[in-house]
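A short write-up of the structure that comes next.
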Amino acid sequence: MAVYSIQQIINIAKISQYIAVSEVLKNGLWGGGEDLKLGRKLYVIRKSIEDDYISNPSDPTLYTTSAYLYALCAPYSQKAIEILNAGGGGSISPITPSQRPLPLYFNVSDTTPIPTGGNTVTLTQFKGWNIVFSRGGITQTQVVDHNNQYFLWNPITAVLFIYGNATEGEGMTITPA
Amino acid sequence: MSFVAAFLTTQTQGVPASVNFKDVSTGSDTNIVSRAIYIQTSSGSFLVTSGVSTQFNVWALNVNPITLSNILTSDTAAIVTVQWLDINGNVLYVSVQVVGYTLKGETFDYYTTQKMAGNPALINDNSWFENKSLIRLFIDSGNQAISFASDTFNAQLCYNAENELILNKRQYFNINS
């Protein structure tokens with residue numbers, strides 16, 4: 001059996017969750033025998049693991065809790081993995097957190113990943129990871145409230161979009177988390 | 001500098017029926033004279049503002065951002081396409097996003113939280129908290145269907161379930177409209 005990273009299990013759980021909800025809704029009376037609360041179980045447990053993983057990715061208990069989460073995904077996990085692969089979610093080849101990609105540090109120029117005047121870059125090496133993005137030494141937020149959003153990161157497509165074009169000489173750090 | 005088409009689409013707090021668009025393209029192309037916005041729902045229909053008889057909304061080049069008012073009746077999963085056109089109406093550039101417009105559900109979810117804060121005993125009411133957590137689950141599941149699979153059908157299924165709870169809030173939350 002493949003061994004999945006914690007981030008991959010979180011992604012598998014996100015997909016399994018919506019499939020579980022959708023199956024119950026489509027199956028009508030009594031959800032066609034499906035576990036009526038599976039979607040909610042997956043949401044609540046995944047959310048707590050995800051928040052802990054973001055704040056403390058080296059927490060040793062994550063191994064056990066994410067294994068439990070993966071087990072809960074069982075009815076739909078294979079379908080979720082197929083969707084992850086088909087949807088450009090990147091390879092589900094086994095990786096472990098110890099193989100985390102190296103962070104990127106650069107001062108903006110015409111030859112850096114985000115060049116002078118640019119605002120987007122595809123970072124395939126960070127696919128499947130969350131990132132911490134800092135600019136001029138200040139950690140940027142990605143709060144989707146349309147007011148405090150300074151960058152947009154899609155871990156599936158690995159596309160990073162920054163608000164405010166990069167300026168020559170500006171220091172940037174992109175760290176996988 | 002070559003033209004790279006890009007746009008952002010958001011909703012404004014308090015106006016869940018409307019959608020905002022902002023052109024964040026970089027570069028320039030003097031052949032561009034107009035833009036068109038297509039918003040296609042999971043059922044295949046196109047959303048346009050009142051009085052528009054085409055399948056698209058015209059987005060004049062000198063208007064940025066633009067708000068399309070009263071085009072949503074409930075939370076909606078949509079494939080949004082913006083086209084940049086030349087003087088003959090030929091499509092020069094296209095940008096496509098799959099989007100979940102969920103402000104109505106998010107607003108109602110927060111409203112129920114406000115009700116709980118005002119009356120903490122509500123959590124003990126029959127099924128009250130169960131139904132509140134379903135709202136959260138349906139919104140989140142719809143969002144996952146979009147972000148991982150661009151699956152507007154299953155996303156809309158989830159959003160419709162959430163809308164059902166909102167429409168029948170008297171039954172589910174003992175809230176009179």
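Chain labels A, B, ... are given in the sequence in which chains occur in the structure tokens; within each chain residues are numbered consecutively from 1, and ligands are likewise numbered from 1 in the order shown.
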
(request) Mind the document's chain letters and residue numbers, and return as a ChimeraX atom specification the residues of chain A that DSSP labels strand (DSSP E or B). (result) /A:104-107,120-122,131-135,138-139,142,149,151-154,159-162,171-176

For chain B versus chain A, which residues have an atom no more than 9 Å away, and what is each residue's nearest atom pair and distance in Å rounded to one decimal, using only C-alpha atoms, chain-then-number order, as a Markdown table?
```
| residue | atom | partner | partner_atom | distance |
| --- | --- | --- | --- | --- |
| B:Thr10 | CA | A:His146 | CA | 7.1 |
| B:Gln11 | CA | A:His146 | CA | 8.3 |
| B:Thr12 | CA | A:His146 | CA | 8.4 |
| B:Thr26 | CA | A:Gly118 | CA | 8.0 |
| B:Ser133 | CA | A:Arg40 | CA | 8.0 |
| B:Leu134 | CA | A:Arg40 | CA | 7.5 |
| B:Leu137 | CA | A:Arg40 | CA | 6.2 |
| B:Phe138 | CA | A:Val21 | CA | 7.6 |
| B:Asp140 | CA | A:Tyr18 | CA | 8.1 |
| B:Ser141 | CA | A:Tyr18 | CA | 4.4 |
| B:Gly142 | CA | A:Tyr18 | CA | 6.7 |
| B:Asn143 | CA | A:Tyr18 | CA | 8.6 |
| B:Gln144 | CA | A:Lys14 | CA | 6.1 |
| B:Ala145 | CA | A:Tyr18 | CA | 6.1 |
| B:Ser147 | CA | A:Ile156 | CA | 8.2 |
| B:Phe148 | CA | A:Gly87 | CA | 6.5 |
| B:Ala149 | CA | A:Gly87 | CA | 5.5 |
| B:Ser150 | CA | A:Gly87 | CA | 8.0 |
| B:Asn154 | CA | A:Ser22 | CA | 6.2 |
| B:Ala155 | CA | A:Tyr18 | CA | 8.0 |
| B:Leu157 | CA | A:Ser22 | CA | 6.7 |
| B:Cys158 | CA | A:Ser22 | CA | 6.7 |
| B:Ala161 | CA | A:Leu25 | CA | 7.9 |
```

Prev. selection, N, CA and C atoms, output as a PDB file, in the first residue's frame:
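Produced file out34.pdb, reproduced below:
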```
ATOM      1  N   THR B  10     -15.265  38.215  -7.167  1.00  0.00           N
ATOM      2  CA  THR B  10     -15.563  38.213  -5.739  1.00  0.00           C
ATOM      3  C   THR B  10     -17.028  38.591  -5.521  1.00  0.00           C
ATOM      4  N   GLN B  11     -17.437  38.527  -4.275  1.00  0.00           N
ATOM      5  CA  GLN B  11     -18.751  39.052  -3.892  1.00  0.00           C
ATOM      6  C   GLN B  11     -18.542  40.067  -2.784  1.00  0.00           C
ATOM      7  N   THR B  12     -19.493  40.968  -2.648  1.00  0.00           N
ATOM      8  CA  THR B  12     -19.405  42.007  -1.628  1.00  0.00           C
ATOM      9  C   THR B  12     -20.345  41.681  -0.477  1.00  0.00           C
ATOM     10  N   THR B  26      -1.871  41.437 -17.146  1.00  0.00           N
ATOM     11  CA  THR B  26      -0.626  42.189 -17.246  1.00  0.00           C
ATOM     12  C   THR B  26      -0.261  42.334 -18.724  1.00  0.00           C
ATOM     13  N   SER B 133     -24.488  22.882  11.677  1.00  0.00           N
ATOM     14  CA  SER B 133     -23.258  22.252  11.189  1.00  0.00           C
ATOM     15  C   SER B 133     -23.437  21.713   9.770  1.00  0.00           C
ATOM     16  N   LEU B 134     -24.674  21.385   9.409  1.00  0.00           N
ATOM     17  CA  LEU B 134     -24.919  20.941   8.027  1.00  0.00           C
ATOM     18  C   LEU B 134     -24.685  22.072   7.030  1.00  0.00           C
ATOM     19  N   LEU B 137     -21.085  22.236   6.532  1.00  0.00           N
ATOM     20  CA  LEU B 137     -20.628  21.055   5.782  1.00  0.00           C
ATOM     21  C   LEU B 137     -20.960  21.190   4.297  1.00  0.00           C
ATOM     22  N   PHE B 138     -22.177  21.620   3.987  1.00  0.00           N
ATOM     23  CA  PHE B 138     -22.574  21.714   2.580  1.00  0.00           C
ATOM     24  C   PHE B 138     -21.761  22.782   1.837  1.00  0.00           C
ATOM     25  N   ASP B 140     -18.729  23.844   2.603  1.00  0.00           N
ATOM     26  CA  ASP B 140     -17.353  23.367   2.473  1.00  0.00           C
ATOM     27  C   ASP B 140     -17.244  22.259   1.427  1.00  0.00           C
ATOM     28  N   SER B 141     -18.219  21.355   1.426  1.00  0.00           N
ATOM     29  CA  SER B 141     -18.167  20.244   0.461  1.00  0.00           C
ATOM     30  C   SER B 141     -18.282  20.756  -0.968  1.00  0.00           C
ATOM     31  N   GLY B 142     -19.167  21.722  -1.187  1.00  0.00           N
ATOM     32  CA  GLY B 142     -19.283  22.316  -2.518  1.00  0.00           C
ATOM     33  C   GLY B 142     -17.971  22.958  -2.943  1.00  0.00           C
ATOM     34  N   ASN B 143     -17.342  23.654  -1.994  1.00  0.00           N
ATOM     35  CA  ASN B 143     -16.068  24.308  -2.312  1.00  0.00           C
ATOM     36  C   ASN B 143     -14.984  23.285  -2.658  1.00  0.00           C
ATOM     37  N   GLN B 144     -14.984  22.158  -1.943  1.00  0.00           N
ATOM     38  CA  GLN B 144     -13.969  21.124  -2.240  1.00  0.00           C
ATOM     39  C   GLN B 144     -14.200  20.539  -3.628  1.00  0.00           C
ATOM     40  N   ALA B 145     -15.468  20.341  -3.986  1.00  0.00           N
ATOM     41  CA  ALA B 145     -15.780  19.785  -5.311  1.00  0.00           C
ATOM     42  C   ALA B 145     -15.247  20.699  -6.405  1.00  0.00           C
ATOM     43  N   SER B 147     -12.685  23.094  -5.970  1.00  0.00           N
ATOM     44  CA  SER B 147     -11.233  23.305  -5.960  1.00  0.00           C
ATOM     45  C   SER B 147     -10.460  22.065  -6.365  1.00  0.00           C
ATOM     46  N   PHE B 148     -10.997  20.871  -6.105  1.00  0.00           N
ATOM     47  CA  PHE B 148     -10.237  19.670  -6.441  1.00  0.00           C
ATOM     48  C   PHE B 148     -10.635  19.059  -7.782  1.00  0.00           C
ATOM     49  N   ALA B 149     -11.878  19.264  -8.206  1.00  0.00           N
ATOM     50  CA  ALA B 149     -12.316  18.565  -9.408  1.00  0.00           C
ATOM     51  C   ALA B 149     -13.021  19.482 -10.411  1.00  0.00           C
ATOM     52  N   SER B 150     -13.117  20.776 -10.119  1.00  0.00           N
ATOM     53  CA  SER B 150     -13.882  21.693 -10.979  1.00  0.00           C
ATOM     54  C   SER B 150     -15.254  21.097 -11.275  1.00  0.00           C
ATOM     55  N   ASN B 154     -21.644  18.457  -8.701  1.00  0.00           N
ATOM     56  CA  ASN B 154     -21.697  18.036  -7.303  1.00  0.00           C
ATOM     57  C   ASN B 154     -21.609  19.228  -6.346  1.00  0.00           C
ATOM     58  N   ALA B 155     -20.884  20.248  -6.761  1.00  0.00           N
ATOM     59  CA  ALA B 155     -20.820  21.444  -5.921  1.00  0.00           C
ATOM     60  C   ALA B 155     -22.204  22.073  -5.791  1.00  0.00           C
ATOM     61  N   LEU B 157     -25.015  20.590  -6.127  1.00  0.00           N
ATOM     62  CA  LEU B 157     -25.834  19.687  -5.310  1.00  0.00           C
ATOM     63  C   LEU B 157     -25.682  20.044  -3.820  1.00  0.00           C
ATOM     64  N   CYS B 158     -24.451  20.272  -3.424  1.00  0.00           N
ATOM     65  CA  CYS B 158     -24.177  20.634  -2.019  1.00  0.00           C
ATOM     66  C   CYS B 158     -24.749  22.014  -1.700  1.00  0.00           C
ATOM     67  N   ALA B 161     -28.464  21.903  -1.246  1.00  0.00           N
ATOM     68  CA  ALA B 161     -28.856  21.352   0.051  1.00  0.00           C
ATOM     69  C   ALA B 161     -28.756  22.418   1.136  1.00  0.00           C
TER      70      ALA B 161
END
```

Write out as a short mmCIF file (atom, residue, chain, number, x, y, z; two decimals) with C-alpha atoms, in the first residue's frame each polymer residue whose atoms come within 6 Å of segment 78-87 of chain B, counting only C-alpha atoms; drop sequence neighbours fewer than 4 positions from it.
```cif
data_model
loop_
_atom_site.label_atom_id
_atom_site.label_comp_id
_atom_site.auth_asym_id
_atom_site.auth_seq_id
_atom_site.Cartn_x
_atom_site.Cartn_y
_atom_site.Cartn_z
CA ASN B 31 -6.10 45.23 -30.55
CA ILE B 32 -8.30 44.66 -27.50
CA VAL B 33 -11.42 46.82 -27.57
CA SER B 34 -13.89 44.96 -25.33
CA ARG B 35 -14.46 42.09 -22.95
CA ALA B 36 -17.24 39.55 -22.44
CA ILE B 37 -18.14 37.63 -19.28
CA TYR B 38 -19.83 34.23 -19.48
CA ILE B 39 -21.17 32.70 -16.25
CA GLN B 40 -22.35 29.16 -16.89
CA THR B 41 -24.15 27.24 -14.16
CA VAL B 91 -11.56 36.33 -29.20
CA LEU B 92 -7.95 37.32 -28.61
CA TYR B 93 -7.48 36.04 -25.06
CA VAL B 94 -9.50 33.87 -22.69
CA SER B 95 -9.33 33.21 -18.98
CA VAL B 96 -11.51 30.60 -17.30
CA GLN B 97 -12.17 29.93 -13.62
CA VAL B 98 -14.49 27.52 -11.86
CA VAL B 99 -16.01 29.42 -8.98
#
```

(request) For Leu62 of chain A, work out the shell of residues within 9 Å, counting only C-alpha atoms and skipping chain neighbours fewer than 5 positions away, then give it as a PyMOL selection string. (result) chain A and resi 6+49+52-53+57+67

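Residues lying within 9 Å of segment 110-121 of chain B, counting only C-alpha atoms and ignoring same-chain neighbours fewer than 4 positions away, are Gly105, Glu106, Asp125, Lys132 and Phe173 of chain B.
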